[in-house]
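Trainee: Below is a structure I'd like to ask you about.
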Amino acid sequence: MIFETLLIGILVAVLYVEIMDIYPGGIIVPAYFALYLDLPLRILATLLIAALTLLTYRMLSRMFILFGKRRFAILILLGVVWAQLWSLVFPVLFVSSLELKAIGWIIPALLANNLEKQKIVPTVASLFIVSIVTYFLVRLVGWIFY
């Protein structure tokens with residue numbers, strides 16, 4: 001069902017972008033959120049890492065000229081670093097933190113990139129709308145065909 005979720009999520013995200021002209025955290029991010037909607041701590045951890053990535057980027061952008069390709073590259077790099085640090089530090093601090101892991105390394109970085117390009121509230125709201133629609137469409141497809 002992973003392939004179906006990613007495919008439906010990409011289709012819903014593309015349609016949403018065409019209609020609303022707001023990226024829901026990227027094209028692939030809502031599909032991955034839909035995969036993990038039953039694990040809210042993973043979604044929370046991913047959102048927190050994206051926020052840390054965005055905050056770190058904004059601090060660095062005061063000292064360096066970061067725009068265009070550089071902005072995207074530094075956001076991806078920071079997202080990967082924060083996701084890796086998160087997965088290394090949290091198991092040491094909290095014993096039951098297995099659910100509090102990010103959804104991959106790239107997903108928080110792609111989300112942070114769109115949070116920087118657009119405003120935070122429309123991006124996060126769009127992310128949850130597209131993720132929930134994807135989740136229910138996948139369940140509907142699974143119910144009909146499987």
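Chain labels run A, B, ... following the order of the structure tokens; each chain numbers its residues from 1, and ligands are numbered from 1 in the order shown.
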Extract, using only C-alpha atoms, all DNA, RNA and protein residues at most 6 Å from range 39-46 of chain A, discarding same-chain residues fewer than 6 positions from it, and format them as a VMD selection string.

Mentor: chain A and resid 99 to 103 108

Trainee: What would the file look like if the residues just selected were written as a PDB file, in the first residue's frame with C-alpha atoms?

Mentor:
```pdb
ATOM      1  CA  GLU A  99       7.820   6.802  18.054  1.00  0.00           C
ATOM      2  CA  LEU A 100       9.308  10.296  18.273  1.00  0.00           C
ATOM      3  CA  LYS A 101      11.437   9.923  15.138  1.00  0.00           C
ATOM      4  CA  ALA A 102      11.329  12.012  12.018  1.00  0.00           C
ATOM      5  CA  ILE A 103       9.846  10.760   8.781  1.00  0.00           C
ATOM      6  CA  PRO A 108      11.694  17.759   7.189  1.00  0.00           C
TER       7      PRO A 108
END
```

Trainee: DSSP on the backbone: which residues in range 32-100 of chain A end up as helix (DSSP H, G or I)? Give the answer as a ChimeraX atom specification.

Mentor: /A:32-35,40-60,69-93

Trainee: Give me the residues near Val138 in chain A as a list in words, where near means some atom within 8 Å (using only C-alpha atoms) and where sequence neighbours in that chain fewer than 3 positions away do not count.

Mentor: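 What passes the distance filter is Glu4, Thr5, Ile8, Thr134, Tyr135, Val141 and Gly142 of chain A.
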
Trainee: Need the shell around Val81 in chain A: protein/DNA/RNA residues with any atom at most 10 Å away, counting only C-alpha atoms. Skip same-chain ones fewer than 4 positions apart. Format as a ChimeraX atom specification?

Mentor: /A:49,53,75-77,85-87,105-106,109

Trainee: Counting only C-alpha atoms, which of A:Val133, A:Thr123, A:Ile65, A:Leu7 gets nearest to Asp21 in chain A?

Mentor: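 Of the candidates, the smallest distance to Asp21 in chain A is held by A:Thr123.
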
Trainee: Identify, on the basis of only C-alpha atoms, every residue whose closest approach to Leu78 in chain A does not exceed 12 Å; exclude the query and any residue fewer than 6 positions from it along the same chain; express the result as a PyMOL selection string.

Mentor: chain A and resi 49-60+70-72+84-86+105-113

Trainee: Just checking: using only C-alpha atoms, which residue out of A:Leu48, A:Ile120, A:Ala83, A:Ala125 ends up closest to Pro30 in chain A?

Mentor: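 Distance minimum relative to Pro30 in chain A lands on A:Ala125.
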
Trainee: Given only C-alpha atoms as the basis, pick out the residue of A:Met20, A:Ala73, A:Arg139, A:Gly26 nearest to Leu127 in chain A.

Mentor: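 Answer, going by the shortest atom-to-atom distance: A:Gly26.
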
Trainee: What separation in Å, quoted to one decimal, exists between CA of Val130 in chain A and CA of Met1 in chain A?

Mentor: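 For CA of Val130 in chain A relative to CA of Met1 in chain A, the distance reads 17.6 Å.
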
Trainee: Can you pull out the residues contacting Pro24 in chain A? Cut-off 10 Å, using only C-alpha atoms, and skip same-chain residues under 5 positions away; I want them as a list in words.

Mentor: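 Listed by chain and then number, they are Ala13, Val14, Tyr16, Val17, Val29, Pro30, Leu111, Asn114, Leu115, Gln118, Pro122, Thr123, Val124, Ala125, Ser126, Leu127, Phe128, Ile129, Val130 and Ser131 of chain A.
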
Trainee: What does the distance from CA of Ile28 in chain A to CA of Leu6 in chain A come to in Å, to one decimal?

Mentor: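 Separation between CA of Ile28 in chain A and CA of Leu6 in chain A: 7.3 Å.
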
Trainee: One decimal, in Å: what's the spacing between CA of Ser61 in chain A and CA of Leu88 in chain A?

Mentor: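 Straight-line distance from CA of Ser61 in chain A to CA of Leu88 in chain A works out to 26.4 Å.
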